[in-house]
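Heads up, start24.cif below (mmCIF, C-alpha atoms):
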data_input
loop_
_atom_site.group_PDB
_atom_site.id
_atom_site.type_symbol
_atom_site.label_atom_id
_atom_site.label_comp_id
_atom_site.auth_asym_id
_atom_site.auth_seq_id
_atom_site.Cartn_x
_atom_site.Cartn_y
_atom_site.Cartn_z
ATOM 1 C CA MET P 25 -15.501 -11.258 -13.678
ATOM 2 C CA GLN P 26 -13.044 -8.554 -14.718
ATOM 3 C CA GLY P 27 -10.183 -9.627 -12.512
ATOM 4 C CA TRP P 28 -8.602 -8.651 -9.224
ATOM 5 C CA ILE P 29 -6.411 -5.628 -8.575
ATOM 6 C CA ASP P 30 -3.702 -5.992 -5.962
ATOM 7 C CA THR P 31 -3.654 -2.429 -4.664
ATOM 8 C CA HIS P 32 -0.227 -2.714 -3.007
ATOM 9 C CA CYS P 33 2.567 -4.976 -4.252
ATOM 10 C CA HIS P 34 6.353 -4.515 -4.319
ATOM 11 C CA LEU P 35 7.370 -6.453 -7.421
ATOM 12 C CA ASP P 36 10.632 -4.503 -7.399
ATOM 13 C CA ALA P 37 11.685 -6.082 -4.085
ATOM 14 C CA PRO P 38 14.931 -8.117 -4.153
ATOM 15 C CA GLU P 39 12.988 -11.253 -3.225
ATOM 16 C CA PHE P 40 11.373 -11.193 -6.676
ATOM 17 C CA ALA P 41 14.507 -10.438 -8.692
ATOM 18 C CA PRO P 42 15.196 -14.058 -9.740
ATOM 19 C CA ASP P 43 11.693 -14.846 -11.038
ATOM 20 C CA VAL P 44 9.566 -11.703 -11.264
ATOM 21 C CA VAL P 45 8.161 -12.690 -14.664
ATOM 22 C CA ALA P 46 6.979 -16.046 -13.325
ATOM 23 C CA VAL P 47 5.545 -14.387 -10.208
ATOM 24 C CA ARG P 48 3.538 -11.912 -12.259
ATOM 25 C CA GLU P 49 2.342 -14.577 -14.697
ATOM 26 C CA ARG P 50 1.298 -16.827 -11.812
ATOM 27 C CA ALA P 51 -0.772 -13.985 -10.396
ATOM 28 C CA ARG P 52 -2.356 -13.344 -13.780
ATOM 29 C CA THR P 53 -3.372 -16.981 -14.188
ATOM 30 C CA ARG P 54 -5.074 -16.746 -10.783
ATOM 31 C CA GLY P 55 -7.102 -13.745 -11.897
ATOM 32 C CA VAL P 56 -4.983 -10.784 -10.755
ATOM 33 C CA ALA P 57 -5.388 -8.479 -13.721
ATOM 34 C CA GLN P 58 -3.377 -5.570 -12.326
ATOM 35 C CA CYS P 59 -1.036 -4.621 -9.484
ATOM 36 C CA VAL P 60 -0.266 -1.198 -8.032
ATOM 37 C CA LEU P 61 3.493 -0.947 -7.474
ATOM 38 C CA PRO P 62 4.536 1.750 -4.981
ATOM 39 C CA ALA P 63 8.161 2.833 -4.877
ATOM 40 C CA VAL P 64 9.980 3.200 -1.552
ATOM 41 C CA GLN P 65 13.053 5.260 -2.509
ATOM 42 C CA VAL P 66 14.229 7.486 -5.336
ATOM 43 C CA ARG P 67 16.783 5.039 -6.705
ATOM 44 C CA ASP P 68 13.958 2.556 -7.379
ATOM 45 C CA PHE P 69 11.762 4.944 -9.397
ATOM 46 C CA ASP P 70 12.967 3.829 -12.833
ATOM 47 C CA HIS P 71 12.735 0.136 -11.929
ATOM 48 C CA VAL P 72 9.194 0.427 -10.575
ATOM 49 C CA ARG P 73 8.069 2.396 -13.612
ATOM 50 C CA ALA P 74 9.670 -0.135 -15.982
ATOM 51 C CA LEU P 75 7.977 -3.065 -14.228
ATOM 52 C CA ALA P 76 4.589 -1.363 -14.417
ATOM 53 C CA HIS P 77 4.996 -0.810 -18.136
ATOM 54 C CA ARG P 78 6.318 -4.317 -18.702
ATOM 55 C CA PHE P 79 3.356 -6.018 -17.016
ATOM 56 C CA GLY P 80 0.590 -3.530 -17.770
ATOM 57 C CA ASP P 81 0.404 -2.531 -14.111
ATOM 58 C CA SER P 82 0.204 0.807 -12.281
ATOM 59 C CA TYR P 83 2.837 2.514 -10.148
ATOM 60 C CA ALA P 84 3.320 5.222 -7.543
ATOM 61 C CA LEU P 85 6.433 7.241 -6.688
ATOM 62 C CA GLY P 86 7.419 8.162 -3.162
ATOM 63 C CA ILE P 87 9.854 7.848 -0.269
ATOM 64 C CA HIS P 88 8.863 5.296 2.394
ATOM 65 C CA PRO P 89 9.301 6.279 6.073
ATOM 66 C CA LEU P 90 11.657 3.345 6.650
ATOM 67 C CA TYR P 91 13.982 4.846 4.030
ATOM 68 C CA VAL P 92 14.107 8.465 5.161
ATOM 69 C CA GLU P 93 17.165 7.840 7.337
ATOM 70 C CA HIS P 94 19.259 7.631 4.184
ATOM 71 C CA ALA P 95 17.232 10.025 2.032
ATOM 72 C CA VAL P 96 18.411 13.583 1.329
ATOM 73 C CA GLU P 97 16.558 16.799 0.581
ATOM 74 C CA GLU P 98 17.481 16.462 -3.077
ATOM 75 C CA ASP P 99 15.317 13.318 -3.177
ATOM 76 C CA LEU P 100 12.233 15.476 -2.676
ATOM 77 C CA VAL P 101 13.305 17.617 -5.632
ATOM 78 C CA LEU P 102 13.801 14.461 -7.702
ATOM 79 C CA LEU P 103 10.360 13.152 -6.701
ATOM 80 C CA ASP P 104 8.763 16.428 -7.774
ATOM 81 C CA ALA P 105 10.655 16.345 -11.060
ATOM 82 C CA SER P 106 9.788 12.687 -11.719
ATOM 83 C CA LEU P 107 6.094 13.335 -11.186
ATOM 84 C CA ALA P 108 6.242 16.312 -13.556
ATOM 85 C CA HIS P 109 8.184 14.354 -16.185
ATOM 86 C CA ASN P 110 5.750 11.409 -16.063
ATOM 87 C CA ARG P 111 2.528 13.367 -15.590
ATOM 88 C CA ASP P 112 1.113 12.047 -18.873
ATOM 89 C CA ASP P 113 2.030 8.444 -18.133
ATOM 90 C CA PRO P 114 -1.276 6.575 -17.638
ATOM 91 C CA HIS P 115 0.507 3.996 -15.484
ATOM 92 C CA LEU P 116 1.391 6.634 -12.851
ATOM 93 C CA VAL P 117 -1.501 6.698 -10.380
ATOM 94 C CA ALA P 118 -0.322 8.143 -7.036
ATOM 95 C CA VAL P 119 2.392 9.414 -4.732
ATOM 96 C CA GLY P 120 3.532 6.604 -2.488
ATOM 97 C CA GLU P 121 4.476 4.775 -0.473
ATOM 98 C CA ILE P 122 4.759 7.639 2.012
ATOM 99 C CA GLY P 123 3.777 7.999 5.647
ATOM 100 C CA LEU P 124 4.992 7.417 9.181
ATOM 101 C CA ASP P 125 6.218 4.360 11.078
ATOM 102 C CA TYR P 126 6.197 4.506 14.870
ATOM 103 C CA PHE P 127 6.671 0.748 15.260
ATOM 104 C CA VAL P 128 10.378 0.463 14.458
ATOM 105 C CA PRO P 129 12.127 1.682 17.659
ATOM 106 C CA GLN P 130 15.089 3.455 16.073
ATOM 107 C CA LEU P 131 12.775 5.506 13.857
ATOM 108 C CA CYS P 132 10.706 6.737 16.786
ATOM 109 C CA ALA P 133 13.540 8.582 18.501
ATOM 110 C CA HIS P 134 14.496 12.144 17.711
ATOM 111 C CA PRO P 135 15.824 13.165 15.192
ATOM 112 C CA LEU P 136 14.561 10.328 12.948
ATOM 113 C CA ARG P 137 10.975 10.778 14.053
ATOM 114 C CA ALA P 138 11.170 14.438 13.109
ATOM 115 C CA ARG P 139 12.812 13.469 9.815
ATOM 116 C CA GLN P 140 9.981 11.054 9.039
ATOM 117 C CA GLU P 141 7.436 13.779 9.709
ATOM 118 C CA HIS P 142 9.321 16.267 7.547
ATOM 119 C CA PHE P 143 9.444 13.902 4.556
ATOM 120 C CA TYR P 144 5.804 12.970 5.046
ATOM 121 C CA LEU P 145 4.567 16.555 5.040
ATOM 122 C CA GLU P 146 6.768 17.559 2.129
ATOM 123 C CA GLN P 147 5.496 14.643 0.063
ATOM 124 C CA LEU P 148 1.901 15.554 0.880
ATOM 125 C CA ARG P 149 2.633 19.024 -0.483
ATOM 126 C CA ILE P 150 4.160 17.535 -3.626
ATOM 127 C CA ALA P 151 1.131 15.271 -4.118
ATOM 128 C CA ARG P 152 -1.197 18.240 -3.679
ATOM 129 C CA LYS P 153 0.850 20.249 -6.196
ATOM 130 C CA HIS P 154 0.503 17.501 -8.812
ATOM 131 C CA GLY P 155 -3.113 16.697 -7.998
ATOM 132 C CA LEU P 156 -2.334 13.057 -7.234
ATOM 133 C CA PRO P 157 -3.735 10.636 -4.637
ATOM 134 C CA VAL P 158 -1.434 9.261 -1.944
ATOM 135 C CA ILE P 159 -0.676 5.753 -0.709
ATOM 136 C CA LEU P 160 -0.003 5.909 3.027
ATOM 137 C CA HIS P 161 2.137 3.666 5.212
ATOM 138 C CA VAL P 162 0.255 3.434 8.520
ATOM 139 C CA ARG P 163 1.995 1.693 11.414
ATOM 140 C CA ARG P 164 1.136 2.954 14.882
ATOM 141 C CA SER P 165 0.939 6.399 13.326
ATOM 142 C CA ALA P 166 -2.679 6.933 12.303
ATOM 143 C CA ASP P 167 -3.305 10.019 14.423
ATOM 144 C CA MET P 168 -0.201 11.851 13.203
ATOM 145 C CA LEU P 169 -0.957 10.926 9.597
ATOM 146 C CA LEU P 170 -4.457 12.328 9.991
ATOM 147 C CA LYS P 171 -3.061 15.477 11.585
ATOM 148 C CA GLY P 172 -0.783 15.993 8.580
ATOM 149 C CA LEU P 173 -3.586 15.434 6.098
ATOM 150 C CA ARG P 174 -5.771 17.985 7.857
ATOM 151 C CA ALA P 175 -2.933 20.498 8.099
ATOM 152 C CA GLU P 176 -2.009 20.147 4.419
ATOM 153 C CA GLY P 177 -5.577 19.966 3.101
ATOM 154 C CA LYS P 178 -5.597 23.671 2.442
ATOM 155 C CA ALA P 179 -7.886 25.764 0.271
ATOM 156 C CA GLY P 180 -10.521 23.055 0.143
ATOM 157 C CA HIS P 181 -8.129 20.417 -1.203
ATOM 158 C CA ARG P 182 -9.804 17.009 -1.242
ATOM 159 C CA TRP P 183 -7.478 14.110 -0.521
ATOM 160 C CA SER P 184 -7.878 10.665 -1.981
ATOM 161 C CA GLY P 185 -5.838 7.511 -1.701
ATOM 162 C CA ILE P 186 -5.285 4.381 0.339
ATOM 163 C CA ALA P 187 -4.340 3.900 3.986
ATOM 164 C CA HIS P 188 -2.273 0.788 3.368
ATOM 165 C CA ALA P 189 -2.299 -2.144 5.835
ATOM 166 C CA PHE P 190 -4.769 -0.372 8.084
ATOM 167 C CA ASN P 191 -5.022 -1.749 11.626
ATOM 168 C CA GLY P 192 -6.260 1.197 13.689
ATOM 169 C CA SER P 193 -9.417 1.914 15.601
ATOM 170 C CA LEU P 194 -12.890 2.285 14.154
ATOM 171 C CA GLN P 195 -12.701 6.008 14.941
ATOM 172 C CA GLN P 196 -9.418 6.326 13.035
ATOM 173 C CA ALA P 197 -10.860 4.313 10.160
ATOM 174 C CA GLN P 198 -13.791 6.687 9.892
ATOM 175 C CA ALA P 199 -11.460 9.684 9.978
ATOM 176 C CA PHE P 200 -9.481 8.359 6.999
ATOM 177 C CA ILE P 201 -12.712 7.580 5.163
ATOM 178 C CA ASP P 202 -14.025 11.086 5.836
ATOM 179 C CA LEU P 203 -10.835 12.526 4.317
ATOM 180 C CA GLY P 204 -11.297 10.550 1.100
ATOM 181 C CA PHE P 205 -9.338 7.350 1.740
ATOM 182 C CA LYS P 206 -9.986 3.663 1.337
ATOM 183 C CA LEU P 207 -8.445 1.229 3.799
ATOM 184 C CA GLY P 208 -6.125 -1.528 2.574
ATOM 185 C CA PHE P 209 -6.609 -5.064 3.925
ATOM 186 C CA GLY P 210 -4.390 -8.031 3.139
ATOM 187 C CA GLY P 211 -2.881 -11.192 4.534
ATOM 188 C CA ALA P 212 -3.143 -10.118 8.176
ATOM 189 C CA LEU P 213 -6.922 -10.601 8.130
ATOM 190 C CA THR P 214 -6.453 -14.335 7.422
ATOM 191 C CA TYR P 215 -5.225 -14.975 10.987
ATOM 192 C CA GLU P 216 -7.996 -15.984 13.343
ATOM 193 C CA ARG P 217 -6.162 -14.360 16.256
ATOM 194 C CA ALA P 218 -6.385 -10.971 14.493
ATOM 195 C CA SER P 219 -9.840 -10.462 15.981
ATOM 196 C CA HIS P 220 -9.867 -6.650 15.916
ATOM 197 C CA LEU P 221 -8.718 -6.473 12.307
ATOM 198 C CA ARG P 222 -11.184 -9.142 11.210
ATOM 199 C CA ARG P 223 -13.998 -7.297 12.969
ATOM 200 C CA LEU P 224 -13.086 -4.095 11.127
ATOM 201 C CA ALA P 225 -12.894 -5.947 7.817
ATOM 202 C CA ALA P 226 -16.321 -7.447 8.430
ATOM 203 C CA GLU P 227 -18.120 -4.366 9.693
ATOM 204 C CA LEU P 228 -16.778 -1.377 7.777
ATOM 205 C CA PRO P 229 -18.993 -0.089 4.950
ATOM 206 C CA PRO P 230 -18.505 -1.998 1.676
ATOM 207 C CA ASP P 231 -17.187 1.127 -0.067
ATOM 208 C CA ALA P 232 -14.407 1.605 2.521
ATOM 209 C CA LEU P 233 -12.069 -1.296 1.709
ATOM 210 C CA VAL P 234 -9.581 -2.347 -0.934
ATOM 211 C CA LEU P 235 -7.575 -5.566 -1.136
ATOM 212 C CA GLU P 236 -3.786 -5.838 -1.207
ATOM 213 C CA THR P 237 -0.970 -8.300 -0.599
ATOM 214 C CA ASP P 238 2.017 -6.040 0.232
ATOM 215 C CA ALA P 239 4.015 -8.860 -1.361
ATOM 216 C CA PRO P 240 6.593 -10.058 -0.549
ATOM 217 C CA ASP P 241 5.650 -8.946 2.991
ATOM 218 C CA MET P 242 2.519 -9.570 5.098
ATOM 219 C CA PRO P 243 2.163 -13.297 4.319
ATOM 220 C CA PRO P 244 -1.270 -14.846 4.856
ATOM 221 C CA HIS P 245 -1.537 -17.537 7.498
ATOM 222 C CA TRP P 246 -0.996 -20.405 5.048
ATOM 223 C CA LEU P 247 2.484 -19.086 4.230
ATOM 224 C CA TYR P 248 3.529 -18.165 7.774
ATOM 225 C CA THR P 249 6.025 -20.229 9.760
ATOM 226 C CA THR P 250 6.780 -19.794 13.456
ATOM 227 C CA ALA P 251 10.235 -19.020 14.834
ATOM 228 C CA GLN P 252 10.429 -22.624 16.041
ATOM 229 C CA GLN P 253 9.610 -23.936 12.573
ATOM 230 C CA ARG P 254 12.172 -21.643 10.976
ATOM 231 C CA ALA P 255 14.795 -22.828 13.473
ATOM 232 C CA ALA P 256 13.987 -26.360 12.362
ATOM 233 C CA GLY P 257 14.665 -25.416 8.757
ATOM 234 C CA VAL P 258 11.129 -24.734 7.508
ATOM 235 C CA ALA P 259 11.302 -21.700 5.227
ATOM 236 C CA GLN P 260 8.883 -18.797 5.475
ATOM 237 C CA GLY P 261 6.590 -18.817 2.463
ATOM 238 C CA ARG P 262 7.058 -15.842 0.150
ATOM 239 C CA ASN P 263 3.964 -13.720 -0.296
ATOM 240 C CA GLU P 264 3.029 -13.027 -3.920
ATOM 241 C CA PRO P 265 0.281 -11.087 -5.716
ATOM 242 C CA GLY P 266 -1.119 -14.455 -6.736
ATOM 243 C CA GLU P 267 -2.277 -14.953 -3.142
ATOM 244 C CA LEU P 268 -4.800 -12.125 -3.477
ATOM 245 C CA PRO P 269 -7.796 -14.216 -4.626
ATOM 246 C CA ARG P 270 -7.420 -16.563 -1.643
ATOM 247 C CA ILE P 271 -7.164 -13.579 0.727
ATOM 248 C CA ALA P 272 -10.263 -12.176 -0.963
ATOM 249 C CA GLN P 273 -12.130 -15.422 -0.281
ATOM 250 C CA VAL P 274 -11.426 -15.031 3.441
ATOM 251 C CA LEU P 275 -12.712 -11.449 3.346
ATOM 252 C CA ALA P 276 -15.837 -12.498 1.429
ATOM 253 C CA GLU P 277 -16.579 -15.091 4.095
ATOM 254 C CA LEU P 278 -16.059 -12.544 6.882
ATOM 255 C CA ARG P 279 -18.452 -10.125 5.172
ATOM 256 C CA HIS P 280 -20.962 -12.798 4.085
ATOM 257 C CA VAL P 281 -20.897 -11.701 0.442
ATOM 258 C CA SER P 282 -20.172 -13.536 -2.787
ATOM 259 C CA ILE P 283 -16.719 -13.419 -4.280
ATOM 260 C CA GLU P 284 -18.230 -11.756 -7.363
ATOM 261 C CA GLN P 285 -19.713 -8.968 -5.229
ATOM 262 C CA LEU P 286 -16.430 -8.434 -3.442
ATOM 263 C CA GLN P 287 -14.456 -8.284 -6.673
ATOM 264 C CA ALA P 288 -16.766 -5.718 -8.241
ATOM 265 C CA GLN P 289 -16.702 -3.617 -5.055
ATOM 266 C CA ASN P 290 -12.899 -3.790 -4.827
ATOM 267 C CA LEU P 291 -12.579 -2.481 -8.364
ATOM 268 C CA ALA P 292 -15.112 0.312 -7.829
ATOM 269 C CA ASN P 293 -13.500 1.340 -4.540
ATOM 270 C CA LEU P 294 -10.023 1.473 -6.024
ATOM 271 C CA GLN P 295 -11.051 3.468 -9.054
ATOM 272 C CA SER P 296 -12.833 6.004 -6.858
ATOM 273 C CA VAL P 297 -9.536 6.891 -5.124
ATOM 274 C CA LEU P 298 -6.991 6.011 -7.843
ATOM 275 C CA PRO P 299 -9.009 7.021 -10.920
ATOM 276 C CA ARG P 300 -6.092 6.520 -13.304
ATOM 277 C CA CYS P 301 -5.897 2.852 -12.309
ATOM 278 C CA VAL P 302 -8.118 1.111 -14.836
ATOM 279 C CA LEU P 303 -8.346 -2.370 -16.281
ATOM 280 C CA SER P 304 -7.735 -2.476 -20.025
#

Let me see whether you can do it: turn the structure in this file into structure tokens.
Amino acid sequence: MQGWIDTHCHLDAPEFAPDVVAVRERARTRGVAQCVLPAVQVRDFDHVRALAHRFGDSYALGIHPLYVEHAVEEDLVLLDASLAHNRDDPHLVAVGEIGLDYFVPQLCAHPLRARQEHFYLEQLRIARKHGLPVILHVRRSADMLLKGLRAEGKAGHRWSGIAHAFNGSLQQAQAFIDLGFKLGFGGALTYERASHLRRLAAELPPDALVLETDAPDMPPHWLYTTAQQRAAGVAQGRNEPGELPRIAQVLAELRHVSIEQLQAQNLANLQSVLPRCVLS
């Protein structure tokens, strides 16, 4: 077995600052050979790139929709310049994490909703300019993301990338697939109550999925604590890239395939949409 790739992991998050080396080594000992580290704001670009080089991982540069409230137009210029400056860096694999978030109430109201959409479309144009795949943040926004991809897919441009943390309809899933995307599945599928998501994970074509943790977010069920437990002093478990193999085991059971089959498919699927992301 060649090893797992965590296709979405925020090792630059503050939660990992005290022990990021131990976190990454723990993941490696559990078989996670590589992580894809998407940036969320311009000020993190250098840190994300440095971590990817330090650990032999891959990275993406972009402005997350939850951060556009404090972003400025100059950040788009800096993103464009950073992609140009690092175009020969084999660790740079995509533009991301970009997208739309219609779940957080304050971001759904005008003018922030319009600002999200502006930054999303501009970053799609930048990705198209540089010929890079995109890593999409999808939260109650699938239809508008698809609309943007279709609008910006000009002159026969073929998109590729990952719809991260996908939890939409089967019709929306197929639309992303038709546009050249794989769908990211992580800790959320480990909850038995997530019946719709688990059904999607089980029934989508094998070449449609990739695995991710979104660490430190999206904890699998074995790390989750209820509000009542937290009030009683039980800490929420921190998600880490090292949880990926256990998440993968749940997915393998849902799909009735061997863990070896799932691992090989995950690698093939990722490399078809992020071709610069390779295991050494």

Task: Pick from P:Trp246, P:Phe200, P:Trp183, P:Trp28 nearest to Leu213 of chain P, counting all atoms listed in the file - done: P:Trp246

Answer key for the PyMOL selection byres ((chain P and resi 264) around 6), residues as a PDB file with C-alpha atoms, in the frame of the given file:
ATOM      1  CA  ALA P 239       4.015  -8.860  -1.361  1.00  0.00           C
ATOM      2  CA  PRO P 240       6.593 -10.058  -0.549  1.00  0.00           C
ATOM      3  CA  ASN P 263       3.964 -13.720  -0.296  1.00  0.00           C
ATOM      4  CA  PRO P 265       0.281 -11.087  -5.716  1.00  0.00           C
ATOM      5  CA  GLY P 266      -1.119 -14.455  -6.736  1.00  0.00           C
ATOM      6  CA  GLU P 267      -2.277 -14.953  -3.142  1.00  0.00           C
TER       7      GLU P 267
END

Residues matched by the PyMOL selection byres ((chain P and resi 79) around 12), written as a PDB file with C-alpha atoms, in the frame of the given file:
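Saved as selection.pdb:
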ATOM      1  CA  LEU P  35       7.370  -6.453  -7.421  1.00  0.00           C
ATOM      2  CA  VAL P  44       9.566 -11.703 -11.264  1.00  0.00           C
ATOM      3  CA  VAL P  45       8.161 -12.690 -14.664  1.00  0.00           C
ATOM      4  CA  ALA P  46       6.979 -16.046 -13.325  1.00  0.00           C
ATOM      5  CA  VAL P  47       5.545 -14.387 -10.208  1.00  0.00           C
ATOM      6  CA  ARG P  48       3.538 -11.912 -12.259  1.00  0.00           C
ATOM      7  CA  GLU P  49       2.342 -14.577 -14.697  1.00  0.00           C
ATOM      8  CA  ALA P  51      -0.772 -13.985 -10.396  1.00  0.00           C
ATOM      9  CA  ARG P  52      -2.356 -13.344 -13.780  1.00  0.00           C
ATOM     10  CA  VAL P  56      -4.983 -10.784 -10.755  1.00  0.00           C
ATOM     11  CA  ALA P  57      -5.388  -8.479 -13.721  1.00  0.00           C
ATOM     12  CA  GLN P  58      -3.377  -5.570 -12.326  1.00  0.00           C
ATOM     13  CA  CYS P  59      -1.036  -4.621  -9.484  1.00  0.00           C
ATOM     14  CA  VAL P  60      -0.266  -1.198  -8.032  1.00  0.00           C
ATOM     15  CA  LEU P  61       3.493  -0.947  -7.474  1.00  0.00           C
ATOM     16  CA  VAL P  72       9.194   0.427 -10.575  1.00  0.00           C
ATOM     17  CA  ARG P  73       8.069   2.396 -13.612  1.00  0.00           C
ATOM     18  CA  ALA P  74       9.670  -0.135 -15.982  1.00  0.00           C
ATOM     19  CA  LEU P  75       7.977  -3.065 -14.228  1.00  0.00           C
ATOM     20  CA  ALA P  76       4.589  -1.363 -14.417  1.00  0.00           C
ATOM     21  CA  HIS P  77       4.996  -0.810 -18.136  1.00  0.00           C
ATOM     22  CA  ARG P  78       6.318  -4.317 -18.702  1.00  0.00           C
ATOM     23  CA  GLY P  80       0.590  -3.530 -17.770  1.00  0.00           C
ATOM     24  CA  ASP P  81       0.404  -2.531 -14.111  1.00  0.00           C
ATOM     25  CA  SER P  82       0.204   0.807 -12.281  1.00  0.00           C
ATOM     26  CA  TYR P  83       2.837   2.514 -10.148  1.00  0.00           C
ATOM     27  CA  HIS P 115       0.507   3.996 -15.484  1.00  0.00           C
TER      28      HIS P 115
END

Open item on the list: Taking all atoms listed in the file into account, name the residue in P:Leu103, P:His34, P:Pro114, P:Gly172 that is nearest to Val302 of chain P.
Closed with: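 Nearest to Val302 of chain P: P:Pro114.
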
Open item on the list: My list of candidates is P:Leu156, P:Leu194, P:Val119, P:Leu145. Which is closest to Leu173 of chain P when distances are computed with all atoms listed in the file?
Closed with: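 Answer, going by the shortest atom-to-atom distance: P:Leu145.
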
Open item on the list: Could you list, as a VMD selection string, every residue matched by the PyMOL selection byres ((chain P and resi 108) around 12) in this structure?
Closed with: chain P and resid 85 101 to 107 109 to 113 116 119 150 to 151 153 to 156

Task: Computed interatomic separation between atom CA of Gln26 of chain P and atom CA of Leu303 of chain P (Å) - done: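 Computing it gives 7.9 Å between the two atoms.
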
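One finds atom CA of His94 of chain P at 22.6 Å from atom CA of His188 of chain P.
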
May I have the residues within 9 Å of Pro157 of chain P as an mmCIF file with C-alpha atoms, in the coordinates of the input, using all atoms listed in the file and disregarding those fewer than 3 positions away in the same chain?
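Listed below is the output, around-v6.cif:
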data_model
loop_
_atom_site.group_PDB
_atom_site.id
_atom_site.type_symbol
_atom_site.label_atom_id
_atom_site.label_comp_id
_atom_site.auth_asym_id
_atom_site.auth_seq_id
_atom_site.Cartn_x
_atom_site.Cartn_y
_atom_site.Cartn_z
ATOM 1 C CA VAL P 117 -1.501 6.698 -10.380
ATOM 2 C CA ALA P 118 -0.322 8.143 -7.036
ATOM 3 C CA VAL P 119 2.392 9.414 -4.732
ATOM 4 C CA GLY P 120 3.532 6.604 -2.488
ATOM 5 C CA ALA P 151 1.131 15.271 -4.118
ATOM 6 C CA ARG P 152 -1.197 18.240 -3.679
ATOM 7 C CA TRP P 183 -7.478 14.110 -0.521
ATOM 8 C CA SER P 184 -7.878 10.665 -1.981
ATOM 9 C CA GLY P 185 -5.838 7.511 -1.701
ATOM 10 C CA ILE P 186 -5.285 4.381 0.339
ATOM 11 C CA VAL P 297 -9.536 6.891 -5.124
ATOM 12 C CA LEU P 298 -6.991 6.011 -7.843
ATOM 13 C CA PRO P 299 -9.009 7.021 -10.920
#

Hey, what's within 7 Å of Glu236 of chain P if we count only C-alpha atoms and toss same-chain stuff fewer than 5 positions away? As a PDB file with C-alpha atoms, keeping the file's coordinate frame, please?
ATOM      1  CA  ASP P  30      -3.702  -5.992  -5.962  1.00  0.00           C
ATOM      2  CA  THR P  31      -3.654  -2.429  -4.664  1.00  0.00           C
ATOM      3  CA  HIS P  32      -0.227  -2.714  -3.007  1.00  0.00           C
ATOM      4  CA  GLY P 208      -6.125  -1.528   2.574  1.00  0.00           C
ATOM      5  CA  PHE P 209      -6.609  -5.064   3.925  1.00  0.00           C
ATOM      6  CA  GLY P 210      -4.390  -8.031   3.139  1.00  0.00           C
ATOM      7  CA  LEU P 268      -4.800 -12.125  -3.477  1.00  0.00           C
TER       8      LEU P 268
END

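Interatomic distance, atom CA of Asn191 of chain P against atom CA of Leu221 of chain P: 6.0 Å.
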
Go ahead and fit an axis-aligned box to every listed atom of segment 224-242 of chain P plus 8 Å each side, and pass me the centre and edge lengths in Å, one decimal, as JSON.
{"center_x": -6.2, "center_y": -4.2, "center_z": 4.9, "size_x": 41.6, "size_y": 27.7, "size_z": 28.5}

Task: Nearest-residue call for Pro229 of chain P, choices P:Gly55, P:Ile29, P:Gln198, P:Phe190, using all atoms listed in the file - done: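 The shortest atom-to-atom distance to Pro229 of chain P comes from P:Gln198.
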